[in-house]
file protein13.csv (CSV, C-alpha atoms and all ligand atoms)
chain,number,residue,atom,x,y,z
A,924,MET,CA,-13.4,-117.1,22.3
A,925,ILE,CA,-12.1,-114.3,20.2
A,926,LYS,CA,-8.5,-114.5,21.4
A,927,PRO,CA,-5.3,-114.9,19.5
A,928,GLU,CA,-4.7,-118.5,20.9
A,929,ASN,CA,-8.1,-119.6,19.3
A,930,LEU,CA,-7.4,-118.1,15.9
A,931,VAL,CA,-7.7,-120.7,13.1
A,932,TYR,CA,-8.1,-118.5,10.0
A,933,SER,CA,-7.1,-114.9,9.3
A,934,ARG,CA,-6.4,-112.8,6.3
A,935,THR,CA,-2.8,-113.3,5.2
A,936,LYS,CA,-0.5,-110.3,5.5
A,937,VAL,CA,0.7,-110.8,1.9
A,938,LEU,CA,-2.7,-109.4,0.8
A,939,THR,CA,-2.8,-105.6,1.1
A,940,ASP,CA,-5.7,-103.8,2.9
A,941,ASN,CA,-7.1,-102.6,-0.4
A,942,ILE,CA,-10.6,-103.6,-1.2
A,943,MET,CA,-10.6,-105.5,-4.4
A,944,HIS,CA,-12.4,-103.9,-7.3
A,945,TYR,CA,-13.8,-107.2,-8.4
A,946,CYS,CA,-17.6,-107.9,-8.6
A,947,PRO,CA,-19.1,-109.8,-5.7
A,948,GLY,CA,-18.2,-113.5,-5.8
A,949,CYS,CA,-15.6,-113.1,-8.6
A,950,SER,CA,-13.1,-116.0,-8.7
A,951,HIS,CA,-10.2,-113.6,-9.2
A,952,GLY,CA,-10.4,-112.6,-5.6
A,953,THR,CA,-10.3,-116.2,-4.4
A,954,VAL,CA,-7.3,-117.0,-6.5
A,955,HIS,CA,-5.5,-113.9,-5.4
A,956,LYS,CA,-6.0,-115.0,-1.8
A,957,LEU,CA,-4.6,-118.5,-2.6
A,958,ILE,CA,-1.5,-117.1,-4.3
A,959,ALA,CA,-0.9,-114.7,-1.3
A,960,GLU,CA,-1.3,-117.6,1.1
A,961,VAL,CA,1.1,-119.8,-0.7
A,962,ILE,CA,3.7,-117.0,-0.9
A,963,ASP,CA,3.1,-116.4,2.9
A,964,GLU,CA,3.5,-120.1,3.8
A,965,MET,CA,6.6,-120.5,1.6
A,966,GLY,CA,8.1,-117.3,3.1
A,967,ILE,CA,8.9,-115.9,-0.3
A,968,GLN,CA,7.3,-112.5,-0.2
A,969,ASP,CA,10.6,-110.8,-1.0
A,970,LYS,CA,11.5,-113.3,-3.6
A,971,THR,CA,8.4,-113.3,-5.8
A,972,ILE,CA,7.7,-111.3,-9.0
A,973,GLY,CA,4.2,-111.4,-10.5
A,974,VAL,CA,3.3,-110.3,-14.0
A,975,SER,CA,-0.3,-109.0,-14.2
A,976,PRO,CA,-2.4,-109.1,-17.4
A,977,VAL,CA,-4.8,-106.9,-19.2
A,978,GLY,CA,-8.3,-108.0,-18.2
A,979,CYS,CA,-10.0,-107.7,-14.8
A,980,GLY,CA,-6.8,-109.0,-13.2
A,981,VAL,CA,-4.9,-106.0,-14.3
A,982,PHE,CA,-4.8,-104.5,-10.8
A,983,ALA,CA,-3.6,-107.6,-9.1
A,984,TYR,CA,-0.5,-105.6,-8.1
A,985,ASN,CA,-2.8,-103.5,-5.8
A,986,TYR,CA,-3.8,-106.6,-3.8
A,987,ILE,CA,-0.8,-108.9,-3.4
A,988,ASP,CA,2.1,-107.2,-1.7
A,989,ILE,CA,5.1,-108.4,-3.8
A,990,ASP,CA,7.1,-107.0,-6.8
A,991,TRP,CA,5.1,-106.8,-10.0
A,992,LEU,CA,5.4,-106.1,-13.7
A,993,GLU,CA,2.3,-105.1,-15.7
A,994,ALA,CA,2.4,-106.6,-19.3
A,995,ALA,CA,0.8,-105.4,-22.5
A,996,HIS,CA,-2.2,-107.6,-23.4
A,997,GLY,CA,-1.2,-111.2,-23.7
A,998,ARG,CA,2.5,-110.5,-23.2
A,999,ALA,CA,2.9,-111.6,-19.6
A,1000,PRO,CA,4.8,-114.8,-20.5
A,1001,ALA,CA,7.4,-112.8,-22.4
A,1002,LEU,CA,8.0,-110.4,-19.5
A,1003,ALA,CA,8.1,-113.3,-17.1
A,1004,THR,CA,10.7,-115.0,-19.3
A,1005,ALA,CA,12.9,-112.0,-19.0
A,1006,ALA,CA,12.3,-111.5,-15.2
A,1007,LYS,CA,13.1,-115.2,-14.5
A,1008,ARG,CA,16.2,-115.3,-16.7
A,1009,LEU,CA,17.6,-112.2,-15.2
A,1010,ASN,CA,16.6,-113.2,-11.6
A,1011,PRO,CA,16.8,-117.0,-11.5
A,1012,ASP,CA,16.7,-116.9,-7.7
A,1013,LYS,CA,13.2,-115.3,-7.8
A,1014,TYR,CA,9.8,-117.0,-8.1
A,1015,VAL,CA,8.2,-115.6,-11.2
A,1016,PHE,CA,4.6,-116.1,-12.2
A,1017,THR,CA,2.1,-114.7,-14.7
A,1018,TYR,CA,-1.6,-114.2,-13.9
A,1019,GLN,CA,-3.7,-114.2,-17.0
A,1020,GLY,CA,-7.3,-114.4,-18.1
A,1021,ASP,CA,-8.7,-116.5,-21.0
A,1022,GLY,CA,-8.9,-113.5,-23.4
A,1023,ASP,CA,-5.4,-112.5,-22.4
A,1024,LEU,CA,-3.8,-115.9,-22.6
A,1025,ALA,CA,-5.8,-117.8,-25.1
A,1026,SER,CA,-6.6,-115.1,-27.6
A,1027,ILE,CA,-4.2,-112.1,-28.1
A,1028,GLY,CA,-1.4,-113.8,-26.2
A,1029,THR,CA,-1.5,-117.3,-27.8
A,1030,ALA,CA,1.9,-117.0,-29.3
A,1031,GLU,CA,3.6,-115.8,-26.1
A,1032,ILE,CA,2.1,-118.5,-23.9
A,1033,MET,CA,2.8,-121.3,-26.4
A,1034,HIS,CA,6.4,-120.4,-26.9
A,1035,ALA,CA,7.2,-119.7,-23.3
A,1036,CYS,CA,5.8,-123.1,-22.4
A,1037,ASN,CA,7.6,-124.7,-25.3
A,1038,ARG,CA,10.9,-123.2,-24.2
A,1039,GLY,CA,10.2,-124.6,-20.8
A,1040,GLU,CA,10.7,-121.3,-19.0
A,1041,ASN,CA,10.9,-121.9,-15.2
A,1042,ILE,CA,7.9,-119.8,-14.5
A,1043,VAL,CA,4.4,-120.4,-13.1
A,1044,VAL,CA,1.3,-119.5,-15.1
A,1045,ILE,CA,-2.0,-119.0,-13.4
A,1046,PHE,CA,-4.7,-119.0,-16.0
A,1047,ILE,CA,-8.2,-117.8,-15.0
A,1048,ASN,CA,-10.7,-119.3,-17.5
A,1049,ASN,CA,-14.1,-117.7,-17.1
A,1050,ALA,CA,-15.1,-118.2,-20.7
A,1051,ILE,CA,-15.6,-114.5,-21.4
A,1052,TYR,CA,-13.9,-111.1,-21.7
A,1053,GLY,CA,-15.0,-109.9,-18.3
A,1054,MET,CA,-13.3,-106.5,-18.2
A,1055,THR,CA,-14.6,-105.1,-21.5
A,1056,GLY,CA,-18.2,-106.0,-20.9
A,1057,GLY,CA,-18.7,-109.7,-21.5
A,1058,GLN,CA,-17.7,-110.4,-25.1
A,1059,MET,CA,-17.0,-113.9,-26.5
A,1060,ALA,CA,-13.6,-115.4,-25.6
A,1061,PRO,CA,-11.9,-118.3,-27.4
A,1062,THR,CA,-13.0,-120.4,-24.4
A,1063,THR,CA,-16.7,-119.4,-24.6
A,1064,LEU,CA,-18.9,-122.5,-24.7
A,1065,ILE,CA,-21.0,-123.5,-27.7
A,1066,GLY,CA,-24.4,-121.9,-27.3
A,1067,GLN,CA,-23.2,-119.5,-24.6
A,1068,VAL,CA,-24.7,-116.0,-24.8
A,1069,THR,CA,-22.3,-113.1,-24.7
A,1070,ALA,CA,-22.3,-109.5,-25.8
A,1071,THR,CA,-20.9,-110.5,-29.2
A,1072,THR,CA,-22.8,-113.8,-29.5
A,1073,PRO,CA,-26.3,-112.7,-28.5
A,1074,HIS,CA,-27.9,-115.9,-29.9
A,1075,GLY,CA,-25.2,-118.1,-28.4
A,1076,ARG,CA,-21.8,-119.1,-29.7
A,1077,ASN,CA,-22.3,-120.8,-33.1
A,1078,VAL,CA,-19.6,-123.1,-34.3
A,1079,GLU,CA,-20.1,-122.2,-38.0
A,1080,LEU,CA,-19.6,-118.6,-37.2
A,1081,ASN,CA,-17.3,-118.6,-34.2
A,1082,GLY,CA,-15.5,-121.9,-34.2
A,1083,TYR,CA,-15.0,-124.2,-31.2
A,1084,PRO,CA,-14.1,-123.5,-27.6
A,1085,LEU,CA,-10.3,-123.5,-27.4
A,1086,LYS,CA,-8.9,-126.1,-24.9
A,1087,ILE,CA,-5.6,-124.4,-24.7
A,1088,THR,CA,-4.6,-126.2,-21.5
A,1089,GLU,CA,-4.8,-129.5,-23.3
A,1090,LEU,CA,-2.6,-128.1,-26.1
A,1091,ILE,CA,-0.1,-126.8,-23.5
A,1092,ALA,CA,0.1,-130.2,-21.8
A,1093,GLN,CA,1.5,-131.6,-25.1
A,1094,LEU,CA,4.5,-129.3,-25.0
A,1095,PRO,CA,7.7,-130.9,-23.7
A,1096,GLY,CA,8.7,-127.7,-22.0
A,1097,THR,CA,5.9,-128.0,-19.4
A,1098,CYS,CA,6.3,-130.1,-16.3
A,1099,TYR,CA,3.0,-129.6,-14.5
A,1100,VAL,CA,-0.3,-128.8,-16.2
A,1101,THR,CA,-3.5,-129.0,-14.2
A,1102,ARG,CA,-7.1,-127.7,-14.3
A,1103,GLN,CA,-8.7,-126.7,-11.0
A,1104,THR,CA,-11.6,-124.5,-9.7
A,1105,VAL,CA,-12.6,-122.6,-6.6
A,1106,TYR,CA,-16.3,-122.8,-6.0
A,1107,ASN,CA,-16.3,-124.7,-2.6
A,1108,PRO,CA,-13.9,-125.3,0.3
A,1109,LEU,CA,-12.6,-128.6,-1.2
A,1110,THR,CA,-11.8,-127.2,-4.6
A,1111,VAL,CA,-10.3,-124.0,-3.1
A,1112,ARG,CA,-7.9,-126.1,-1.0
A,1113,LYS,CA,-7.0,-128.3,-4.0
A,1114,THR,CA,-6.2,-125.3,-6.1
A,1115,LYS,CA,-4.0,-123.9,-3.3
A,1116,ARG,CA,-2.0,-127.2,-3.3
A,1117,ALA,CA,-1.7,-127.0,-7.1
A,1118,ILE,CA,-0.4,-123.4,-6.9
A,1119,ARG,CA,2.1,-124.4,-4.2
A,1120,LYS,CA,3.4,-127.3,-6.3
A,1121,ALA,CA,3.8,-125.0,-9.3
A,1122,PHE,CA,5.8,-122.4,-7.2
A,1123,GLU,CA,8.0,-125.2,-5.9
A,1124,ASN,CA,8.6,-126.6,-9.4
A,1125,SER,CA,9.8,-123.2,-10.6
A,1126,MET,CA,12.9,-123.5,-8.5
A,1127,LEU,CA,13.7,-127.1,-9.6
A,1128,LYS,CA,14.5,-126.2,-13.3
A,1129,LYS,CA,11.8,-128.7,-14.5
A,1130,GLY,CA,10.1,-126.3,-16.9
A,1131,THR,CA,6.9,-124.4,-16.9
A,1132,SER,CA,4.1,-125.1,-14.5
A,1133,PHE,CA,0.6,-124.2,-15.7
A,1134,VAL,CA,-2.4,-124.0,-13.4
A,1135,GLU,CA,-5.8,-123.3,-15.1
A,1136,VAL,CA,-8.5,-122.2,-12.7
A,1137,VAL,CA,-12.0,-122.5,-14.1
A,1138,GLY,CA,-13.8,-119.6,-12.6
A,1139,THR,CA,-17.0,-117.5,-12.7
A,1140,CYS,CA,-17.7,-114.1,-14.1
A,1141,SER,CA,-21.2,-113.4,-12.6
A,1142,SER,CA,-21.4,-110.0,-14.2
A,1143,GLY,CA,-20.5,-111.2,-17.7
A,1144,TRP,CA,-22.7,-114.3,-17.3
A,1145,LYS,CA,-25.5,-112.2,-15.9
A,1146,LEU,CA,-26.1,-114.5,-12.9
A,1147,THR,CA,-25.8,-114.1,-9.1
A,1148,PRO,CA,-22.5,-115.4,-7.7
A,1149,VAL,CA,-24.2,-118.5,-6.3
A,1150,ALA,CA,-26.1,-119.2,-9.6
A,1151,ALA,CA,-22.8,-118.6,-11.5
A,1152,ASN,CA,-21.1,-121.3,-9.5
A,1153,GLN,CA,-23.9,-123.8,-10.4
A,1154,TRP,CA,-23.8,-122.7,-14.1
A,1155,MET,CA,-20.1,-123.4,-14.0
A,1156,ILE,CA,-20.6,-126.9,-12.5
A,1157,ASP,CA,-23.3,-127.7,-15.1
A,1158,ASN,CA,-21.8,-126.2,-18.2
A,1159,MET,CA,-18.1,-125.5,-17.8
A,1160,PHE,CA,-16.8,-128.8,-16.2
A,1161,PRO,CA,-18.1,-131.1,-19.0
A,1162,GLU,CA,-16.2,-129.0,-21.5
A,1163,TYR,CA,-13.2,-128.3,-19.2
A,1164,PRO,CA,-12.8,-131.4,-17.0
A,1165,LEU,CA,-10.9,-130.9,-13.8
A,1166,GLY,CA,-7.7,-132.6,-12.8
A,1167,ASP,CA,-4.0,-133.0,-13.6
A,1168,MET,CA,-3.0,-133.4,-17.3
A,1169,LYS,CA,0.7,-133.7,-16.6
A,1170,ASP,CA,2.9,-134.0,-13.5
A,1171,LYS,CA,6.5,-134.9,-14.1
B,1445,MET,CA,-17.0,-135.2,26.2
B,1446,ALA,CA,-15.1,-132.4,24.5
B,1447,LYS,CA,-17.0,-130.3,22.0
B,1448,ILE,CA,-15.7,-128.0,19.3
B,1449,LYS,CA,-17.1,-124.5,19.3
B,1450,GLY,CA,-16.3,-121.8,16.8
B,1451,THR,CA,-17.1,-118.2,16.0
B,1452,ILE,CA,-16.4,-115.8,13.1
B,1453,VAL,CA,-15.7,-112.1,12.8
B,1454,VAL,CA,-16.8,-110.5,9.5
B,1455,ASP,CA,-15.3,-107.2,8.2
B,1456,ILE,CA,-18.8,-105.9,7.4
B,1457,GLU,CA,-17.7,-102.9,5.4
B,1458,GLN,CA,-15.6,-105.1,3.1
B,1459,CYS,CA,-18.2,-107.8,2.6
B,1460,LYS,CA,-19.8,-107.7,-0.8
B,1461,GLY,CA,-22.8,-109.9,0.0
B,1462,CYS,CA,-21.9,-112.5,-2.6
B,1463,GLY,CA,-23.3,-115.4,-0.6
B,1464,VAL,CA,-20.8,-118.0,-1.6
B,1465,CYS,CA,-19.8,-118.4,2.1
B,1466,VAL,CA,-23.5,-119.1,3.0
B,1467,THR,CA,-23.7,-122.1,0.6
B,1468,SER,CA,-20.4,-123.5,2.0
B,1469,CYS,CA,-21.4,-123.5,5.7
B,1470,PRO,CA,-22.3,-127.0,6.8
B,1471,THR,CA,-24.1,-125.9,9.9
B,1472,LYS,CA,-26.4,-123.1,8.5
B,1473,THR,CA,-24.7,-120.6,10.9
B,1474,ILE,CA,-24.6,-117.7,8.5
B,1475,ALA,CA,-26.9,-115.9,6.0
B,1476,LEU,CA,-27.1,-112.6,4.1
B,1477,GLY,CA,-29.0,-110.1,6.3
B,1478,ARG,CA,-31.4,-107.4,5.4
B,1479,ASP,CA,-29.1,-104.7,6.6
B,1480,VAL,CA,-26.7,-103.1,4.1
B,1481,ASN,CA,-23.2,-101.8,4.6
B,1482,GLY,CA,-21.8,-98.5,3.3
B,1483,LYS,CA,-21.5,-99.9,-0.2
B,1484,GLY,CA,-25.1,-101.1,-0.2
B,1485,TYR,CA,-24.4,-104.8,0.0
B,1486,ASN,CA,-26.4,-107.1,2.2
B,1487,TYR,CA,-23.5,-108.3,4.3
B,1488,MET,CA,-23.2,-111.7,5.8
B,1489,GLN,CA,-24.2,-112.3,9.4
B,1490,MET,CA,-24.3,-115.1,11.9
B,1491,VAL,CA,-27.9,-116.1,12.3
B,1492,ASN,CA,-27.2,-119.3,14.4
B,1493,PRO,CA,-24.0,-118.3,16.2
B,1494,GLU,CA,-24.2,-121.3,18.6
B,1495,SER,CA,-24.0,-123.8,15.7
B,1496,CYS,CA,-20.6,-122.6,14.4
B,1497,THR,CA,-17.9,-125.2,14.6
B,1498,GLY,CA,-15.1,-123.0,13.4
B,1499,CYS,CA,-14.5,-125.2,10.4
B,1500,THR,CA,-13.1,-122.3,8.3
B,1501,ASN,CA,-15.2,-123.2,5.2
B,1502,CYS,CA,-16.7,-119.8,4.9
B,1503,ALA,CA,-13.4,-118.0,5.2
B,1504,THR,CA,-11.7,-120.4,2.8
B,1505,VAL,CA,-14.2,-119.6,0.0
B,1506,CYS,CA,-14.6,-115.9,0.6
B,1507,PRO,CA,-13.3,-114.1,-2.5
B,1508,ASP,CA,-12.6,-110.9,-0.5
B,1509,THR,CA,-11.0,-112.7,2.5
B,1510,VAL,CA,-13.1,-110.7,5.1
B,1511,ILE,CA,-13.8,-113.6,7.5
B,1512,THR,CA,-11.7,-114.4,10.6
B,1513,VAL,CA,-12.3,-117.7,12.4
B,1514,TYR,CA,-11.8,-118.8,16.0
B,1515,ARG,CA,-12.2,-122.2,17.5
B,1516,VAL,CA,-12.1,-123.8,21.0
B,1517,LYS,CA,-12.5,-127.2,22.6
B,1518,VAL,CA,-15.0,-127.0,25.5
B,1519,GLU,CA,-15.3,-129.8,28.1
B,1520,GLU,CA,-18.9,-130.8,28.9
C,1601,LIG,C1,-4.0,-104.5,-27.3
C,1601,LIG,C2,-5.3,-104.6,-26.7
C,1601,LIG,N1,-6.4,-105.1,-27.3
C,1601,LIG,C3,-7.6,-105.1,-26.7
C,1601,LIG,C4,-7.8,-104.6,-25.4
C,1601,LIG,C5,-9.1,-104.6,-24.8
C,1601,LIG,N2,-9.2,-105.6,-23.7
C,1601,LIG,C6,-9.1,-105.3,-22.4
C,1601,LIG,S1,-9.3,-106.6,-21.4
C,1601,LIG,C7,-9.7,-107.6,-22.7
C,1601,LIG,C8,-10.0,-109.1,-22.5
C,1601,LIG,C9,-10.0,-109.5,-21.1
C,1601,LIG,O1,-10.5,-110.8,-21.0
C,1601,LIG,P1,-9.8,-111.9,-20.1
C,1601,LIG,O2,-8.4,-112.0,-20.4
C,1601,LIG,O3,-10.6,-113.1,-20.3
C,1601,LIG,O4,-9.9,-111.3,-18.6
C,1601,LIG,P2,-11.1,-111.2,-17.6
C,1601,LIG,O5,-11.5,-109.8,-17.6
C,1601,LIG,O6,-12.2,-112.1,-18.2
C,1601,LIG,O7,-10.6,-111.8,-16.3
C,1601,LIG,C10,-9.6,-106.9,-23.9
C,1601,LIG,C11,-9.9,-107.5,-25.2
C,1601,LIG,C12,-6.6,-104.0,-24.8
C,1601,LIG,N3,-6.7,-103.5,-23.6
C,1601,LIG,N4,-5.4,-104.0,-25.4
C,1602,LIG,S1,-16.5,-108.6,-14.8
C,1602,LIG,FE1,-16.4,-110.8,-14.3
C,1602,LIG,S2,-14.1,-111.2,-14.2
C,1602,LIG,FE2,-14.4,-109.0,-14.0
C,1602,LIG,S3,-14.5,-108.6,-11.8
C,1602,LIG,FE3,-16.6,-108.8,-12.6
C,1602,LIG,S4,-17.1,-110.9,-12.2
C,1602,LIG,FE4,-14.9,-110.8,-12.1
C,1603,LIG,S1,-16.6,-121.5,10.4
C,1603,LIG,FE1,-17.8,-123.2,9.5
C,1603,LIG,S2,-19.5,-123.5,10.8
C,1603,LIG,FE2,-18.7,-121.5,11.3
C,1603,LIG,S3,-19.8,-120.0,10.0
C,1603,LIG,FE3,-18.0,-120.6,8.9
C,1603,LIG,S4,-18.6,-122.3,7.6
C,1603,LIG,FE4,-20.2,-122.1,9.2
C,1604,LIG,S1,-18.1,-114.8,0.8
C,1604,LIG,FE1,-17.1,-113.0,1.8
C,1604,LIG,S2,-17.8,-111.3,0.6
C,1604,LIG,FE2,-19.1,-113.0,0.0
C,1604,LIG,S3,-20.9,-112.7,1.4
C,1604,LIG,FE3,-19.5,-114.1,2.4
C,1604,LIG,S4,-18.3,-112.8,3.7
C,1604,LIG,FE4,-19.3,-111.5,2.2
C,1605,MG,MG,-12.0,-114.0,-19.0

call {"tool": "encode", "arguments": {"input": "protein13.csv", "output": "structure tokens"}}
result
Amino acid sequence: MIKPENLVYSRTKVLTDNIMHYCPGCSHGTVHKLIAEVIDEMGIQDKTIGVSPVGCGVFAYNYIDIDWLEAAHGRAPALATAAKRLNPDKYVFTYQGDGDLASIGTAEIMHACNRGENIVVIFINNAIYGMTGGQMAPTTLIGQVTATTPHGRNVELNGYPLKITELIAQLPGTCYVTRQTVYNPLTVRKTKRAIRKAFENSMLKKGTSFVEVVGTCSSGWKLTPVAANQWMIDNMFPEYPLGDMKDK
Amino acid sequence: MAKIKGTIVVDIEQCKGCGVCVTSCPTKTIALGRDVNGKGYNYMQMVNPESCTGCTNCATVCPDTVITVYRVKVEE
């Protein structure tokens, strides 16, 4: 049975052979795979520029075999703006975590989306600062225990979870704003379709396409990967409901 | 009647034993084994190879993209 003519799924060549440094089960790996598959299927490997963040996704350039820029913390949308304006024939995307995009980089993402830059934003919301050891992020849930909220996030002290994707959907510069996830085959396939649509939009001069992916950080959440998926279903989706917020 | 049969090939040394493929397999074909790879992870193995349908679910969800899937139609 193991013959080329029977092959139905294999690793895309747009992923490098490097073993990802991510923890077992980390959603970053799944989303990297989807971006690479979309680039492969669209035949745009030589026409795509990614901008990687500060956060666990910082080494994305080691895994997806395209041209990359590496931004200072939160500044990926500013670099992507320059890359796209100077290379309008290239597909340009940012890849950002919730600390990167919704905390230190709030100004950059808001203004890039409000200007309607023809870029794609891939936003990985795992409700925590994964890379630095699991501190509270703006997206951390009320009551969620993190390294900096050992008794759970408390509204009086820490404010409310920031639904930044809902804010971004209000901006006239955005054309497509959606929230997806990647915990089972169905949601992985839906997220791939969303990423593909976002990449296609970026050549149609329609404005910014923004794809949030609600993901897990099993190390930061201190759960096994499978338990983290369940925790996400039970706790993250009520606060961050899945689906399209805007598609024009 | 034609029947669909599948099989998978796992890059054992790159598997991190996360188990998300196991919960996505509709036919209970795969499980994390007791053996460990060079990194110390209990890598995923086929425990019921004859039940695989080649549906690609496991490969689709694998964060490290270490699963290759094959499928054939067999006449009975
Ligand atoms: C200017 C600056 N401030 C702070 C840091 C420390 N730092 C590194 S990653 C990070 C947050 C990462 O969280 P997130 O963007 O959610 O990414 P994740 O690791 O969860 O994917 C912070 C605060 C830094 N590297 N640079
Ligand atoms: S710390 Fe969290 S976000 Fe970072 S690689 Fe590990 S699981 Fe992924
Ligand atoms: S291809 Fe489908 S049936 Fe076969 S092991 Fe993977 S998930 Fe299970
Ligand atoms: S999903 Fe991939 S890395 Fe995780 S156990 Fe299965 S084969 Fe291994
Ligand atoms: Mg994060």

call {"tool": "residues_near_point", "arguments": {"input": "protein13.csv", "point": "(-24.0, -97.6, 1.8)", "cutoff": "12 Å", "atoms": "all atoms listed in the file", "output": "PyMOL selection string"}}
result
chain B and resi 1456-1460+1479-1487

call {"tool": "residues_near_point", "arguments": {"input": "protein13.csv", "point": "(-22.2, -116.4, 3.2)", "cutoff": "8 Å", "atoms": "all atoms listed in the file", "output": "ChimeraX atom specification"}}
result
/B:1461-1469,1474-1476,1488-1489,1502

call {"tool": "atom_distance", "arguments": {"input": "protein13.csv", "atom1": "atom CA of Ala1070 of chain A", "atom2": "atom CA of Cys946 of chain A"}}
result
17.9 Å

call {"tool": "residues_around", "arguments": {"input": "protein13.csv", "residues": "Thr1509 of chain B", "least_positions_apart": "3", "cutoff": "12 Å", "atoms": "all atoms listed in the file", "output": "mmCIF file with C-alpha atoms, in the frame of the given file"}}
result
data_model
loop_
_atom_site.group_PDB
_atom_site.id
_atom_site.type_symbol
_atom_site.label_atom_id
_atom_site.label_comp_id
_atom_site.auth_asym_id
_atom_site.auth_seq_id
_atom_site.Cartn_x
_atom_site.Cartn_y
_atom_site.Cartn_z
ATOM 1 C CA TYR A 932 -8.100 -118.500 10.000
ATOM 2 C CA SER A 933 -7.100 -114.900 9.300
ATOM 3 C CA ARG A 934 -6.400 -112.800 6.300
ATOM 4 C CA THR A 935 -2.800 -113.300 5.200
ATOM 5 C CA LYS A 936 -0.500 -110.300 5.500
ATOM 6 C CA VAL A 937 0.700 -110.800 1.900
ATOM 7 C CA LEU A 938 -2.700 -109.400 0.800
ATOM 8 C CA THR A 939 -2.800 -105.600 1.100
ATOM 9 C CA ASP A 940 -5.700 -103.800 2.900
ATOM 10 C CA ASN A 941 -7.100 -102.600 -0.400
ATOM 11 C CA ILE A 942 -10.600 -103.600 -1.200
ATOM 12 C CA MET A 943 -10.600 -105.500 -4.400
ATOM 13 C CA PRO A 947 -19.100 -109.800 -5.700
ATOM 14 C CA GLY A 948 -18.200 -113.500 -5.800
ATOM 15 C CA SER A 950 -13.100 -116.000 -8.700
ATOM 16 C CA HIS A 951 -10.200 -113.600 -9.200
ATOM 17 C CA GLY A 952 -10.400 -112.600 -5.600
ATOM 18 C CA THR A 953 -10.300 -116.200 -4.400
ATOM 19 C CA VAL A 954 -7.300 -117.000 -6.500
ATOM 20 C CA HIS A 955 -5.500 -113.900 -5.400
ATOM 21 C CA LYS A 956 -6.000 -115.000 -1.800
ATOM 22 C CA LEU A 957 -4.600 -118.500 -2.600
ATOM 23 C CA ALA A 959 -0.900 -114.700 -1.300
ATOM 24 C CA GLU A 960 -1.300 -117.600 1.100
ATOM 25 C CA TYR A 986 -3.800 -106.600 -3.800
ATOM 26 C CA VAL B 1453 -15.700 -112.100 12.800
ATOM 27 C CA VAL B 1454 -16.800 -110.500 9.500
ATOM 28 C CA ASP B 1455 -15.300 -107.200 8.200
ATOM 29 C CA ILE B 1456 -18.800 -105.900 7.400
ATOM 30 C CA GLN B 1458 -15.600 -105.100 3.100
ATOM 31 C CA CYS B 1459 -18.200 -107.800 2.600
ATOM 32 C CA LYS B 1460 -19.800 -107.700 -0.800
ATOM 33 C CA VAL B 1464 -20.800 -118.000 -1.600
ATOM 34 C CA CYS B 1465 -19.800 -118.400 2.100
ATOM 35 C CA THR B 1500 -13.100 -122.300 8.300
ATOM 36 C CA ASN B 1501 -15.200 -123.200 5.200
ATOM 37 C CA CYS B 1502 -16.700 -119.800 4.900
ATOM 38 C CA ALA B 1503 -13.400 -118.000 5.200
ATOM 39 C CA THR B 1504 -11.700 -120.400 2.800
ATOM 40 C CA VAL B 1505 -14.200 -119.600 0.000
ATOM 41 C CA CYS B 1506 -14.600 -115.900 0.600
ATOM 42 C CA THR B 1512 -11.700 -114.400 10.600
ATOM 43 C CA VAL B 1513 -12.300 -117.700 12.400
#

call {"tool": "atom_distance", "arguments": {"input": "protein13.csv", "atom1": "atom CA of Asp988 of chain A", "atom2": "atom CA of Phe1016 of chain A"}}
result
14.0 Å

call {"tool": "residues_around", "arguments": {"input": "protein13.csv", "residues": "Ala1117 of chain A", "least_positions_apart": "3", "cutoff": "12 Å", "atoms": "all atoms listed in the file", "output": "ChimeraX atom specification"}}
result
/A:954,957-958,961,1043-1045,1099-1105,1110-1114,1120-1124,1132-1136,1166-1167,1169-1170

call {"tool": "closest_residue", "arguments": {"input": "protein13.csv", "among": "B:Lys1449, B:Lys1517, B:Glu1494, B:Cys1499", "to": "ligand LIG 1603 (chain C)", "atoms": "all atoms listed in the file"}}
result
B:Cys1499

call {"tool": "residues_around", "arguments": {"input": "protein13.csv", "residues": "Ile989 of chain A", "least_positions_apart": "6", "cutoff": "8 Å", "atoms": "only C-alpha atoms", "output": "list in words"}}
result
Val937, Gln968, Asp969, Thr971, Ile972 and Gly973 of chain A

call {"tool": "closest_atom_pairs", "arguments": {"input": "protein13.csv", "of": "chain A", "to": "ligand LIG 1602 (chain C)", "cutoff": "9 Å", "atoms": "all atoms listed in the file", "output": "tab-separated table"}}
result
residue	atom	partner	partner_atom	distance
A:Met943	CA	C:LIG1602	S3	8.9
A:His944	CA	C:LIG1602	S3	6.8
A:Tyr945	CA	C:LIG1602	S3	3.7
A:Cys946	CA	C:LIG1602	FE3	4.2
A:Pro947	CA	C:LIG1602	S4	6.9
A:Gly948	CA	C:LIG1602	S4	7.0
A:Cys949	CA	C:LIG1602	FE4	4.2
A:Ser950	CA	C:LIG1602	FE4	6.5
A:His951	CA	C:LIG1602	FE4	6.2
A:Gly952	CA	C:LIG1602	FE4	8.1
A:Gly978	CA	C:LIG1602	FE2	7.5
A:Cys979	CA	C:LIG1602	FE2	4.7
A:Gly980	CA	C:LIG1602	FE2	7.6
A:Gly1020	CA	C:LIG1602	S2	8.5
A:Ile1047	CA	C:LIG1602	S2	8.9
A:Asn1049	CA	C:LIG1602	S2	7.1
A:Ile1051	CA	C:LIG1602	FE1	8.0
A:Tyr1052	CA	C:LIG1602	S2	7.5
A:Gly1053	CA	C:LIG1602	S1	4.0
A:Met1054	CA	C:LIG1602	FE2	5.0
A:Thr1055	CA	C:LIG1602	S1	7.8
A:Gly1056	CA	C:LIG1602	S1	6.8
A:Gly1057	CA	C:LIG1602	S1	7.1
A:Gly1138	CA	C:LIG1602	S2	8.6
A:Thr1139	CA	C:LIG1602	S4	6.6
A:Cys1140	CA	C:LIG1602	FE1	3.6
A:Ser1141	CA	C:LIG1602	S4	4.8
A:Ser1142	CA	C:LIG1602	S4	4.8
A:Gly1143	CA	C:LIG1602	FE1	5.3
A:Trp1144	CA	C:LIG1602	FE1	7.8
A:Pro1148	CA	C:LIG1602	S4	8.3
